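Student: This is the content of structure.txt (compact mmCIF, C-alpha atoms):
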# COMPACT_ATOMS: atom_id res chain seq x y z
CA MET A 1 -65.75 -171.08 -57.29
CA SER A 2 -64.61 -174.08 -55.26
CA GLU A 3 -66.68 -175.07 -52.26
CA TYR A 4 -63.50 -174.61 -50.26
CA ASP A 5 -62.62 -171.12 -51.48
CA ASP A 6 -63.72 -169.72 -48.12
CA ASP A 7 -61.51 -172.28 -46.32
CA PRO A 8 -58.03 -171.53 -47.67
CA VAL A 9 -55.44 -174.22 -47.06
CA ASP A 10 -52.35 -172.76 -45.44
CA PHE A 11 -49.17 -174.75 -45.41
CA VAL A 12 -45.52 -174.48 -44.40
CA ASP A 13 -42.68 -176.10 -46.37
CA PHE A 14 -39.95 -178.03 -44.55
CA THR A 15 -37.05 -180.27 -45.49
CA HIS A 16 -35.13 -182.64 -43.28
CA GLU A 17 -31.95 -180.67 -43.79
CA HIS A 18 -32.82 -176.99 -44.05
CA GLY A 19 -35.72 -174.67 -43.36
CA ASN A 20 -35.90 -173.25 -46.90
CA ASP A 21 -37.80 -174.45 -49.96
CA ALA A 22 -38.52 -178.14 -49.60
CA HIS A 23 -38.88 -178.70 -53.36
CA ASP A 24 -35.26 -178.06 -54.31
CA GLY A 25 -34.80 -181.04 -56.61
CA SER A 26 -32.38 -182.79 -54.26
CA ASP A 27 -32.57 -186.30 -52.87
CA ARG A 28 -33.60 -185.03 -49.43
CA ALA A 29 -36.98 -186.12 -48.17
CA GLU A 30 -39.67 -183.50 -48.76
CA GLU A 31 -42.41 -182.57 -46.33
CA LEU A 32 -45.43 -180.25 -46.36
CA THR A 33 -47.37 -179.24 -43.27
CA PHE A 34 -50.89 -177.92 -43.76
CA ALA A 35 -52.49 -175.85 -41.01
CA ALA A 36 -55.57 -177.29 -39.33
CA LEU A 37 -58.69 -176.68 -41.42
CA PRO A 38 -61.84 -175.16 -39.92
CA PRO A 39 -64.96 -177.27 -39.36
CA VAL A 40 -67.01 -178.00 -42.46
CA ARG A 41 -70.79 -178.30 -42.21
CA GLY A 42 -73.30 -179.61 -44.70
CA ARG A 43 -70.76 -180.27 -47.45
CA GLY A 44 -69.04 -183.32 -48.85
CA PHE A 45 -65.36 -183.84 -48.28
CA ALA A 46 -64.43 -184.53 -51.91
CA ARG A 47 -65.71 -182.72 -54.97
CA THR A 48 -63.07 -183.97 -57.44
CA TRP A 49 -63.07 -187.45 -58.85
CA TRP A 50 -59.59 -188.14 -57.49
CA GLY A 51 -60.62 -186.95 -54.00
CA GLN A 52 -63.61 -189.28 -54.18
CA ALA A 53 -61.33 -192.14 -55.27
CA TRP A 54 -59.18 -191.47 -52.20
CA LEU A 55 -62.18 -191.76 -49.86
CA LYS A 56 -63.40 -194.89 -51.67
CA ALA A 57 -60.03 -196.51 -50.98
CA LEU A 58 -60.56 -195.72 -47.28
CA GLU A 59 -64.10 -197.15 -47.30
CA ASP A 60 -63.00 -200.28 -49.17
CA THR A 61 -60.03 -200.83 -46.84
CA ALA A 62 -61.72 -200.26 -43.46
CA LEU A 63 -63.35 -203.37 -42.03
CA ASP A 64 -65.77 -201.39 -39.85
CA GLY A 65 -67.86 -198.81 -41.70
CA GLU A 66 -69.03 -197.32 -38.39
CA GLN A 67 -65.44 -196.23 -37.65
CA VAL A 68 -65.35 -194.42 -40.99
CA LYS A 69 -68.60 -192.61 -40.17
CA ARG A 70 -67.24 -191.53 -36.79
CA GLY A 71 -64.05 -190.30 -38.46
CA ARG A 72 -66.07 -188.31 -41.01
CA LYS A 73 -68.00 -186.67 -38.16
CA ALA A 74 -64.78 -185.85 -36.27
CA ALA A 75 -63.21 -184.29 -39.38
CA ARG A 76 -66.37 -182.30 -40.04
CA GLU A 77 -66.19 -180.91 -36.49
CA GLY A 78 -62.56 -179.78 -36.91
CA ALA A 79 -60.95 -182.41 -34.69
CA VAL A 80 -57.96 -182.90 -37.01
CA GLY A 81 -54.89 -180.77 -36.28
CA ALA A 82 -52.15 -179.74 -38.68
CA VAL A 83 -51.53 -182.38 -41.36
CA SER A 84 -47.96 -183.31 -42.33
CA VAL A 85 -47.53 -184.89 -45.76
CA LEU A 86 -44.29 -186.58 -46.77
CA PRO A 87 -43.30 -189.45 -49.03
CA GLY A 88 -45.16 -192.57 -47.98
CA ARG A 89 -46.96 -191.06 -44.98
CA ILE A 90 -49.50 -188.52 -43.73
CA THR A 91 -49.60 -187.55 -40.06
CA ALA A 92 -51.83 -185.47 -37.77
CA VAL A 93 -52.95 -185.23 -34.17
CA VAL A 94 -56.69 -185.99 -33.85
CA ARG A 95 -58.69 -184.86 -30.83
CA ASP A 96 -61.48 -186.93 -29.26
CA ALA A 97 -64.66 -185.35 -27.87
CA ASP A 98 -63.27 -185.67 -24.32
CA GLY A 99 -60.11 -183.77 -25.26
CA THR A 100 -57.85 -186.83 -25.57
CA THR A 101 -55.42 -186.56 -28.48
CA HIS A 102 -53.90 -189.30 -30.62
CA ARG A 103 -51.19 -189.19 -33.23
CA SER A 104 -52.53 -190.85 -36.37
CA ASP A 105 -50.60 -191.89 -39.46
CA VAL A 106 -51.71 -193.35 -42.79
CA LEU A 107 -49.06 -195.03 -44.96
CA LEU A 108 -49.08 -195.26 -48.76
CA ARG A 109 -46.45 -197.06 -50.82
CA GLU A 110 -43.92 -194.81 -52.56
CA LEU A 111 -43.15 -195.37 -56.23
CA THR A 112 -39.70 -196.75 -56.92
CA GLU A 113 -37.11 -194.78 -58.90
CA GLY A 114 -37.78 -197.00 -61.91
CA GLU A 115 -41.53 -196.39 -61.66
CA TRP A 116 -40.99 -192.63 -61.43
CA ASP A 117 -38.78 -192.76 -64.52
CA ARG A 118 -41.56 -194.47 -66.48
CA PHE A 119 -44.16 -191.98 -65.22
CA LEU A 120 -42.00 -188.94 -66.04
CA ASP A 121 -41.18 -190.24 -69.52
CA MET A 122 -44.89 -190.78 -70.16
CA ALA A 123 -45.90 -187.36 -68.82
CA ALA A 124 -43.11 -185.54 -70.69
CA ASP A 125 -44.38 -186.98 -73.98
CA SER A 126 -47.76 -185.27 -73.51
CA ALA A 127 -48.06 -181.51 -73.17
CA GLY A 128 -51.64 -182.04 -71.97
CA HIS A 129 -50.45 -184.01 -68.95
CA ILE A 130 -48.05 -181.24 -67.90
CA ALA A 131 -50.64 -178.51 -68.45
CA ALA A 132 -53.23 -180.38 -66.37
CA LEU A 133 -50.82 -180.78 -63.46
CA LEU A 134 -49.94 -177.09 -63.59
CA ASP A 135 -53.68 -176.31 -63.41
CA ARG A 136 -53.94 -178.47 -60.27
CA GLU A 137 -55.93 -181.08 -62.17
CA MET A 138 -55.50 -184.84 -62.42
CA PRO A 139 -57.32 -185.83 -65.61
CA PRO A 140 -58.50 -189.44 -65.94
CA HIS A 141 -56.37 -190.02 -69.03
CA LEU A 142 -53.22 -189.21 -67.01
CA VAL A 143 -54.14 -191.85 -64.43
CA GLU A 144 -55.14 -194.30 -67.19
CA ASP A 145 -51.86 -193.80 -69.09
CA ALA A 146 -49.94 -194.38 -65.87
CA ALA A 147 -51.97 -197.54 -65.17
CA GLY A 148 -51.06 -198.75 -68.65
CA LEU A 149 -47.44 -198.68 -67.50
CA GLY A 150 -48.28 -200.62 -64.35
CA LEU A 151 -48.26 -197.51 -62.12
CA GLU A 152 -51.16 -196.94 -59.76
CA LEU A 153 -51.22 -193.28 -58.70
CA LEU A 154 -54.50 -193.42 -56.78
CA PRO A 155 -54.80 -195.83 -53.84
CA GLY A 156 -57.00 -198.88 -54.01
CA ILE A 157 -58.35 -201.39 -51.53
CA GLY A 158 -55.79 -202.15 -48.82
CA ASP A 159 -53.37 -199.40 -49.92
CA LEU A 160 -54.08 -196.97 -47.04
CA GLU A 161 -52.35 -198.56 -44.06
CA PRO A 162 -53.35 -197.06 -40.66
CA GLU A 163 -51.19 -196.44 -37.59
CA CYS A 164 -52.60 -194.75 -34.48
CA THR A 165 -51.56 -194.34 -30.86
CA CYS A 166 -55.07 -195.39 -29.80
CA GLY A 167 -53.91 -198.96 -30.44
CA ALA A 168 -56.41 -199.92 -33.15
CA TRP A 169 -55.05 -202.33 -35.75
CA ASP A 170 -57.62 -201.36 -38.39
CA HIS A 171 -58.79 -197.92 -39.46
CA CYS A 172 -60.11 -196.16 -36.36
CA PRO A 173 -62.06 -192.87 -36.16
CA HIS A 174 -58.74 -190.99 -35.91
CA THR A 175 -57.16 -192.33 -39.11
CA ALA A 176 -60.54 -192.08 -40.88
CA ALA A 177 -60.80 -188.41 -39.82
CA LEU A 178 -57.25 -187.81 -41.13
CA CYS A 179 -58.16 -189.39 -44.49
CA HIS A 180 -61.26 -187.19 -44.81
CA GLN A 181 -59.22 -184.09 -44.07
CA VAL A 182 -56.64 -185.09 -46.68
CA ALA A 183 -59.44 -185.47 -49.23
CA ARG A 184 -60.06 -181.72 -48.85
CA LEU A 185 -56.35 -181.07 -49.50
CA LEU A 186 -56.34 -183.35 -52.56
CA ASP A 187 -59.31 -181.46 -54.03
CA GLN A 188 -57.23 -178.31 -54.20
CA ASP A 189 -53.85 -179.79 -55.09
CA PRO A 190 -53.23 -183.26 -56.60
CA PHE A 191 -49.50 -182.71 -55.99
CA VAL A 192 -50.29 -183.73 -52.40
CA LEU A 193 -50.95 -187.27 -53.69
CA LEU A 194 -47.80 -187.23 -55.82
CA LEU A 195 -45.76 -186.17 -52.78
CA MET A 196 -47.17 -189.13 -50.86
CA ARG A 197 -46.07 -191.32 -53.77
CA GLY A 198 -42.54 -189.92 -53.40
CA ARG A 199 -42.08 -186.70 -55.41
CA GLY A 200 -42.86 -183.10 -54.46
CA GLU A 201 -44.07 -180.47 -56.89
CA ARG A 202 -40.82 -178.62 -57.57
CA ARG A 203 -38.73 -181.72 -58.07
CA LEU A 204 -41.36 -183.34 -60.28
CA LEU A 205 -41.74 -180.27 -62.50
CA ASP A 206 -37.96 -179.85 -62.74
CA ASP A 207 -37.63 -183.48 -63.86
CA LEU A 208 -40.37 -182.98 -66.46
CA GLN A 209 -38.66 -179.83 -67.74
CA ASP A 210 -35.32 -181.63 -68.04
CA ARG A 211 -36.90 -184.45 -70.01
CA SER A 212 -38.80 -182.05 -72.29
CA ALA A 213 -35.62 -180.07 -72.96
CA ALA A 214 -33.68 -183.23 -73.75
CA ARG A 215 -36.31 -184.28 -76.28
CA ALA A 216 -36.12 -180.88 -77.98
CA GLU A 217 -32.32 -180.97 -78.45
CA PRO A 218 -30.89 -182.58 -81.59
CA ALA A 219 -29.25 -185.89 -81.00
CA ALA A 220 -25.53 -185.47 -80.49
CA GLU A 221 -23.13 -187.58 -82.50
CA PRO A 222 -22.07 -190.46 -80.24
CA ALA A 223 -18.53 -190.22 -78.98
CA ARG A 224 -16.15 -192.95 -80.00
CA PRO A 225 -15.70 -195.38 -77.14
CA ALA A 226 -12.31 -195.58 -75.48
CA GLY A 227 -10.44 -198.86 -75.58
CA VAL A 228 -8.26 -201.00 -77.79
CA PRO A 229 -9.03 -202.23 -81.29
CA ALA A 230 -11.27 -205.26 -81.34
CA ALA A 231 -8.64 -207.30 -83.19
CA GLU A 232 -6.13 -206.84 -80.36
CA ALA A 233 -8.69 -207.74 -77.71
CA PHE A 234 -9.69 -210.85 -79.69
CA ALA A 235 -6.09 -211.90 -80.14
CA ALA A 236 -5.52 -211.79 -76.36
CA ARG A 237 -8.58 -213.85 -75.55
CA ASP A 238 -6.59 -216.97 -74.65
CA ILE A 239 -4.02 -215.33 -72.36
CA LEU A 240 -6.25 -213.07 -70.27
CA PRO A 241 -8.18 -214.71 -67.44
CA PRO A 242 -11.87 -213.88 -67.08
CA LEU A 243 -12.86 -211.28 -64.54
CA PRO A 244 -13.94 -212.85 -61.24
CA ALA A 245 -17.47 -212.35 -59.98
CA PRO A 246 -17.77 -209.93 -57.07
CA PRO A 247 -17.90 -211.73 -53.74
CA PRO A 248 -21.21 -211.76 -51.86
CA VAL A 249 -21.68 -209.43 -48.91
CA PRO A 250 -21.11 -211.38 -45.65
CA GLU A 251 -24.10 -211.76 -43.36
CA ALA A 252 -22.06 -210.61 -40.36
CA PRO A 253 -18.64 -209.10 -39.75
CA GLY A 254 -15.81 -211.47 -39.01
CA ALA A 255 -14.58 -212.09 -35.49
CA ALA A 256 -11.86 -209.71 -34.35
CA GLN A 257 -8.39 -211.18 -33.90
CA SER A 258 -7.64 -211.95 -30.26
CA LEU A 259 -4.79 -209.88 -28.86
CA ASP A 260 -4.47 -211.98 -25.72
CA THR A 261 -0.90 -213.28 -26.08
CA GLU A 262 1.77 -214.34 -23.66
CA THR A 263 3.72 -211.17 -24.41
CA ASP A 264 3.05 -208.16 -22.21
CA PRO A 265 1.74 -205.16 -24.19
CA GLU A 266 3.75 -202.00 -24.58
CA PRO A 267 3.07 -199.31 -21.97
CA GLY A 268 -0.12 -197.40 -22.74
CA VAL A 269 -1.55 -200.14 -25.01
CA ASP A 270 -4.82 -201.76 -23.88
CA PRO A 271 -5.43 -204.98 -25.88
CA ALA A 272 -9.06 -205.28 -24.74
CA ALA A 273 -9.79 -201.72 -25.90
CA LEU A 274 -8.12 -202.45 -29.25
CA GLU A 275 -10.26 -205.57 -29.69
CA PHE A 276 -13.39 -203.49 -29.06
CA LEU A 277 -12.33 -200.89 -31.63
CA ALA A 278 -11.43 -203.60 -34.17
CA ALA A 279 -14.88 -205.21 -33.79
CA ASP A 280 -16.54 -201.81 -34.25
CA ALA A 281 -14.39 -201.12 -37.34
CA ALA A 282 -15.42 -204.47 -38.83
CA SER A 283 -19.13 -203.68 -38.29
CA ARG A 284 -18.74 -200.25 -39.91
CA ALA A 285 -16.79 -201.72 -42.83
CA LEU A 286 -19.54 -204.27 -43.45
CA ARG A 287 -22.19 -201.53 -43.41
CA MET A 288 -20.14 -199.36 -45.79
CA LEU A 289 -19.62 -202.32 -48.16
CA ALA A 290 -23.35 -203.10 -48.23
CA GLU A 291 -24.14 -199.43 -48.91
CA ALA A 292 -21.49 -199.21 -51.65
CA LEU A 293 -23.06 -202.16 -53.50
CA THR A 294 -26.55 -200.66 -53.27
CA PRO A 295 -27.80 -199.31 -56.65
CA GLY A 296 -27.61 -195.51 -56.76
CA HIS A 297 -25.08 -195.30 -53.92
CA GLU A 298 -22.78 -193.17 -56.05
CA GLN A 299 -25.43 -190.43 -56.08
CA ALA A 300 -25.80 -190.32 -52.29
CA ALA A 301 -24.26 -187.47 -50.33
CA ARG A 302 -21.20 -188.32 -48.28
CA GLU A 303 -21.68 -188.43 -44.54
CA PRO A 304 -19.69 -185.75 -42.70
CA ALA A 305 -16.83 -186.92 -40.49
CA LEU A 306 -17.74 -187.34 -36.83
CA THR A 307 -16.14 -185.36 -34.05
CA VAL A 308 -14.56 -187.16 -31.09
CA GLU A 309 -17.64 -186.41 -28.96
CA GLN A 310 -20.04 -187.67 -31.66
CA ASP A 311 -18.05 -190.85 -32.23
CA ALA A 312 -17.95 -191.55 -28.50
CA ALA A 313 -21.76 -191.22 -28.36
CA ARG A 314 -22.04 -193.59 -31.35
CA LEU A 315 -19.83 -196.18 -29.63
CA ALA A 316 -21.72 -195.82 -26.35
CA ALA A 317 -25.03 -196.28 -28.20
CA ALA A 318 -23.99 -199.90 -28.86
CA ARG A 319 -24.17 -200.49 -25.07
CA PRO A 320 -20.57 -201.67 -24.56
CA ALA A 321 -19.19 -203.10 -21.33
CA PRO A 322 -19.24 -200.66 -18.38
CA TRP A 323 -15.46 -200.25 -18.34
CA ILE A 324 -15.52 -199.21 -22.02
CA ALA A 325 -18.31 -196.71 -21.37
CA ALA A 326 -16.24 -195.28 -18.53
CA ARG A 327 -13.24 -194.88 -20.86
CA LEU A 328 -15.42 -193.13 -23.43
CA ALA A 329 -16.81 -190.78 -20.82
CA SER A 330 -13.36 -189.96 -19.50
CA GLY A 331 -11.93 -189.38 -22.97
CA THR A 332 -14.66 -186.89 -23.92
CA GLY A 333 -15.03 -185.08 -20.62
CA ARG A 334 -18.58 -186.31 -20.08
CA ARG A 335 -19.87 -187.75 -16.84
CA GLY A 336 -21.39 -191.22 -16.98
CA ALA A 337 -24.97 -189.90 -16.95
CA GLU A 338 -24.14 -187.36 -19.66
CA LEU A 339 -22.70 -190.09 -21.89
CA GLU A 340 -25.84 -192.20 -21.35
CA ALA A 341 -27.99 -189.26 -22.46
CA ALA A 342 -25.78 -188.75 -25.53
CA ALA A 343 -26.04 -192.46 -26.36
CA ASP A 344 -29.85 -192.34 -26.03
CA ALA A 345 -29.93 -189.37 -28.39
CA TRP A 346 -27.71 -191.14 -30.92
CA ARG A 347 -29.93 -194.22 -30.94
CA ILE A 348 -32.95 -192.04 -31.81
CA GLY A 349 -31.51 -189.58 -34.32
CA SER A 350 -27.72 -189.94 -34.69
CA ALA A 351 -25.76 -186.69 -35.05
CA ALA A 352 -28.89 -184.52 -35.52
CA ALA A 353 -30.39 -185.61 -32.19
CA LEU A 354 -27.03 -185.21 -30.46
CA ALA A 355 -26.72 -181.64 -31.74
CA VAL A 356 -30.16 -180.77 -30.32
CA LEU A 357 -29.28 -182.42 -27.00
CA ASP A 358 -25.99 -180.52 -26.67
CA GLY A 359 -27.29 -177.29 -28.22
CA THR A 360 -24.31 -177.11 -30.59
CA ARG A 361 -26.36 -175.76 -33.53
CA ALA A 362 -28.67 -173.04 -32.28
CA PRO A 363 -31.47 -172.07 -34.69
CA SER A 364 -31.35 -168.65 -36.29
CA PRO A 365 -33.59 -165.82 -35.01
CA GLU A 366 -35.78 -166.28 -38.10
CA VAL A 367 -36.29 -169.99 -37.34
CA VAL A 368 -37.07 -169.20 -33.69
CA ALA A 369 -39.60 -166.51 -34.69
CA ARG A 370 -41.33 -168.92 -37.05
CA GLY A 371 -41.32 -171.59 -34.32
CA LYS A 372 -43.05 -169.25 -31.87
CA ALA A 373 -45.73 -168.54 -34.47
CA MET A 374 -46.26 -172.27 -34.98
CA LEU A 375 -46.63 -172.81 -31.23
CA ALA A 376 -49.36 -170.18 -31.15
CA GLU A 377 -51.30 -171.88 -33.96
CA ALA A 378 -50.66 -175.60 -33.33
CA TRP A 379 -53.54 -176.10 -30.87
CA GLU A 380 -57.08 -174.92 -30.43
CA PRO A 381 -57.34 -172.40 -27.55
CA ALA A 382 -59.02 -174.95 -25.27
CA ASP A 383 -56.35 -177.57 -25.97
CA ARG A 384 -53.23 -175.40 -25.90
CA PRO A 385 -50.77 -176.57 -23.20
CA THR A 386 -48.98 -174.10 -20.97
CA LEU A 387 -45.48 -173.77 -22.40
CA ARG A 388 -42.67 -172.03 -20.57
CA ALA A 389 -39.50 -170.98 -22.35
CA SER A 390 -36.73 -172.67 -20.36
CA ALA A 391 -33.91 -171.71 -22.75
CA PRO A 392 -33.59 -170.32 -26.29
CA ALA A 393 -35.61 -172.55 -28.63
CA ARG A 394 -36.76 -174.77 -25.74
CA TRP A 395 -40.25 -174.88 -24.22
CA THR A 396 -41.23 -177.02 -21.22
CA VAL A 397 -44.85 -178.06 -20.64
CA ALA A 398 -45.78 -176.67 -17.23
CA GLY A 399 -46.18 -179.32 -14.53
CA THR A 400 -44.71 -182.12 -16.67
CA ASP A 401 -41.37 -183.64 -17.56
CA VAL A 402 -41.94 -183.05 -21.29
CA GLN A 403 -40.18 -180.45 -23.39
CA LEU A 404 -40.13 -179.28 -27.02
CA ARG A 405 -36.86 -178.25 -28.64
CA LEU A 406 -36.61 -176.46 -31.98
CA ALA A 407 -33.71 -177.51 -34.21
CA ASP A 408 -31.90 -175.29 -36.70
CA ASP A 409 -33.73 -177.01 -39.59
CA GLY A 410 -37.14 -175.95 -38.21
CA ARG A 411 -38.17 -179.38 -36.94
CA TRP A 412 -39.45 -180.09 -33.43
CA TRP A 413 -37.82 -182.66 -31.14
CA PRO A 414 -39.74 -184.08 -28.16
CA PHE A 415 -37.66 -184.41 -24.99
CA ARG A 416 -38.48 -186.02 -21.66
CA ARG A 417 -36.74 -185.64 -18.30
CA SER A 418 -35.60 -188.68 -16.35
CA GLY A 419 -34.18 -187.60 -13.04
CA SER A 420 -31.93 -184.66 -13.84
CA ARG A 421 -31.36 -185.61 -17.49
CA TRP A 422 -33.25 -184.58 -20.61
CA THR A 423 -33.20 -187.05 -23.49
CA PRO A 424 -35.02 -187.22 -26.84
CA ALA A 425 -38.38 -188.98 -26.55
CA GLY A 426 -38.85 -189.69 -30.25
CA PRO A 427 -38.00 -188.57 -33.79
CA PRO A 428 -38.53 -184.98 -34.93
CA THR A 429 -41.59 -183.70 -36.77
CA ALA A 430 -42.51 -180.48 -38.54
CA ASP A 431 -45.51 -179.96 -36.24
CA PRO A 432 -45.01 -179.14 -32.53
CA ALA A 433 -48.38 -180.67 -31.60
CA SER A 434 -47.40 -183.99 -33.19
CA ALA A 435 -44.02 -183.95 -31.43
CA LEU A 436 -45.64 -183.21 -28.07
CA ALA A 437 -48.31 -185.88 -28.58
CA GLY A 438 -45.61 -188.45 -29.36
CA ALA A 439 -43.64 -187.56 -26.20
CA THR A 440 -46.79 -187.65 -24.06
CA ALA A 441 -47.85 -191.02 -25.50
CA THR A 442 -44.38 -192.47 -24.83
CA ALA A 443 -44.47 -191.16 -21.26
CA GLY A 444 -47.88 -192.79 -20.75
CA GLU A 445 -46.55 -196.15 -21.89
CA GLU A 446 -43.91 -196.04 -19.18
Any chance you could give the structure as structure tokens?
Tutor:
Amino acid sequence: MSEYDDDPVDFVDFTHEHGNDAHDGSDRAEELTFAALPPVRGRGFARTWWGQAWLKALEDTALDGEQVKRGRKAAREGAVGAVSVLPGRITAVVRDADGTTHRSDVLLRELTEGEWDRFLDMAADSAGHIAALLDREMPPHLVEDAAGLGLELLPGIGDLEPECTCGAWDHCPHTAALCHQVARLLDQDPFVLLLMRGRGERRLLDDLQDRSAARAEPAAEPARPAGVPAAEAFAARDILPPLPAPPPVPEAPGAAQSLDTETDPEPGVDPAALEFLAADAASRALRMLAEALTPGHEQAAREPALTVEQDAARLAAARPAPWIAARLASGTGRRGAELEAAADAWRIGSAAALAVLDGTRAPSPEVVARGKAMLAEAWEPADRPTLRASAPARWTVAGTDVQLRLADDGRWWPFRRSGSRWTPAGPPTADPASALAGATATAGEE
């Protein structure tokens, strides 16, 4: 029996695209949210050797051991809210003794695609490695074999990088409490660590299965390469020029051609507007070229085409001249203030934030029902804010200008009112408490 068998770890799966199984083997970022754990008294936070190694990395990294002790005490008293785990980051809202809350993050470097390939090849060659992972174990020889390939699965000194809204630059009691809570999660499931390193359970196991199956298949006879006989290619060596090297990517787009000529434009043609669109097209072309030359770009999903309203918000997000913003507003039927709100949303979350702002993709009844359940469980009774449903999938904090909006993918967007306009106050999260804490912290800074 585990010392945590009476403290079951509940979690909810999310992806950044859909609200179904996060471990679907795709290239989408994966995220797990674990419900807040109850207080733990008189017991250590790590019983496994890999959980203890995690806490040792915290103790070796923190410059002030007293902060670590205070964080351990806070975690023991149940001050850590729901914990979100995703590649490269863990996040939670941590409550102080006076009721103040802070959003705390701890960053851990993700393994590169090449490093994951080496790890998966190594693990696929050993049935014992796969069996141990399926038993929720991380045997020392698995970590040692990975280290032999130059891959460090467990963090070491300096690897746990803290970020906290309390303003501390080193590990504070809030990030230390988060690390202690994560040690309890690691005890039960080492896949939590692997997700932080960049791969969730389903995708990792699918990759291992594919590699194991490929090793079991007989080697196919190599196909004959297409081309011309070598003798013909050799004979033409003196008449064919060598292929040129690809040109380097420019550091900045070129200047748009000036359309200011002595000839009057045709009726309905605005040269200044055309120059603005040409400069925007050059910037987009440069970005697309840089992305096309990035390794692995051919595997990336194609971005959907933008609507007229979305493209106008994108152009307005670049803060063009006032007369251009007025043209964009007129062309899309938005008032000036509405276009400013759309531009603010685009700067924070592109088309996804704009859809939440405009309410063009309402969440399904199932997503709304799950969101209401999360709202009921995201805070302790004494800390729960008063939320009033102001529209379907929207909840406003009573007496404030802060609002939570639930997107169709199950993520929570913080919104804040400025005058008569609501605009996104930060990026989305899987936890409503984290989203609300981020919006409240941003409002305090203003």
Student: Identify, on the basis of all atoms listed in the file, every residue whose closest approach to A:Ala256 does not exceed 8 Å; exclude the query and any residue fewer than 6 positions from it along the same chain; express the result as a list in words.
Tutor: Glu275, Ala278, Ala279 and Ala282 of chain A
Student: Is there a way to get, as a list of chain:residue names, all residues within 10 Å of the point (-67.5, -184.0, -48.8) in file coordinates, counting all atoms listed in the file?
Tutor: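 Protein and nucleic acid residues near the point are A:Glu3, A:Val40, A:Arg41, A:Gly42, A:Arg43, A:Gly44, A:Phe45, A:Ala46, A:Arg47, A:Thr48, A:Gly51, A:Gln52, A:Leu55, A:Arg72, A:Arg76, A:His180, A:Gln181, A:Ala183, A:Arg184.
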Student: Using all atoms listed in the file, which residues of stretch 155-178 of chain A come within 6 Å of stretch 58-70 of chain A, and what is the closest atom pair for each, with the distance in Å to one decimal? Give it as a Markdown table, sorted by chain and residue number.
Tutor:
| residue | atom | partner | partner_atom | distance |
| --- | --- | --- | --- | --- |
| A:Ile157 | CA | A:Thr61 | CA | 5.0 |
| A:Gly158 | CA | A:Thr61 | CA | 4.9 |
| A:His171 | CA | A:Ala62 | CA | 5.5 |
| A:Cys172 | CA | A:Gln67 | CA | 5.5 |
| A:Pro173 | CA | A:Gln67 | CA | 5.0 |
| A:Ala176 | CA | A:Val68 | CA | 5.4 |
Student: Measuring between all atoms listed in the file, which one of A:Thr175, A:Thr112, A:Ser434, A:Gln299 shows the shortest distance to A:Ala74?
Tutor: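 With all atoms listed in the file as the atom set, the closest residue is A:Thr175.
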Student: How many Å separate atom CA of A:Gly426 from atom CA of A:Pro414?
Tutor: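 We find that atom CA of A:Gly426 and atom CA of A:Pro414 lie 6.1 Å from each other.
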Student: What is the atom CA of A:Arg203-atom CA of A:Gly114 distance in Å, reported with one decimal?
Tutor: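 Pair atom CA of A:Arg203 / atom CA of A:Gly114 returns 15.8 Å.
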Student: To one decimal in Å, tell me the separation between atom CA of A:Ala79 and atom CA of A:Ala437.
Tutor: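 The value is 14.5 Å.
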Student: Per residue of stretch 344-376 of chain A within 9 Å of stretch 386-401 of chain A, what are the shortest atom pair and its distance in Å to one decimal, counting all atoms listed in the file, with rows by chain and residue number, as a tab-separated table?
Tutor:
residue	atom	partner	partner_atom	distance
A:Ala362	CA	A:Ala393	CA	7.9
A:Pro363	CA	A:Ala393	CA	7.4
A:Val368	CA	A:Ala393	CA	6.2
A:Gly371	CA	A:Ala393	CA	8.1
A:Lys372	CA	A:Ala393	CA	8.8
A:Leu375	CA	A:Leu387	CA	9.0
Student: Counting all atoms listed in the file, select every polymer residue within 12 Å of (-28.3, -176.3, -29.9) as defined in the file's coordinates, and provide the selection as a ChimeraX atom specification.
Tutor: /A:351-364,368,391-394,405-409,413
Student: Give the answer as one residue: which of A:Glu340, A:Arg347, A:Asp270, A:Arg95 has the shortest atom-to-atom distance to A:Ser418, using only C-alpha atoms?
Tutor: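 Among A:Glu340, A:Arg347, A:Asp270, A:Arg95, it is A:Glu340 that comes nearest to A:Ser418.
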Student: Counting only C-alpha atoms, which residue out of A:Arg103, A:Arg384, A:Arg370, A:Arg109 sits closest to A:Gly438?
Tutor: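 With only C-alpha atoms as the atom set, the closest residue is A:Arg103.
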Student: Compare A:Arg314, A:Arg411, A:His102, A:Arg211 by their minimum atom-to-atom distance to A:Ser126, counting only C-alpha atoms, and give me the closest one.
Tutor: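 Ranked by minimum distance to A:Ser126, first place goes to A:Arg211.
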Student: Give the answer as one residue: which of A:Gly150, A:Gly88, A:Gly81, A:Gly268 has the shortest atom-to-atom distance to A:Glu31, using only C-alpha atoms?
Tutor: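 Nearest to A:Glu31: A:Gly88.
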Student: Which of these, A:Ala312, A:Ile324, A:Ala236, A:Val269, has the shortest distance to A:Trp346 once you count all atoms listed in the file?
Tutor: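 Checking each candidate against A:Trp346, we get A:Ala312 as the closest.
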Student: Write out as number ranges by chain which residues come within 12 Å of A:Val192 when counting only C-alpha atoms, dropping same-chain ones fewer than 3 positions away.
Tutor: A: 11, 30-34, 50-51, 54, 83-90, 133, 136-138, 153-154, 182-189, 195-202, 204
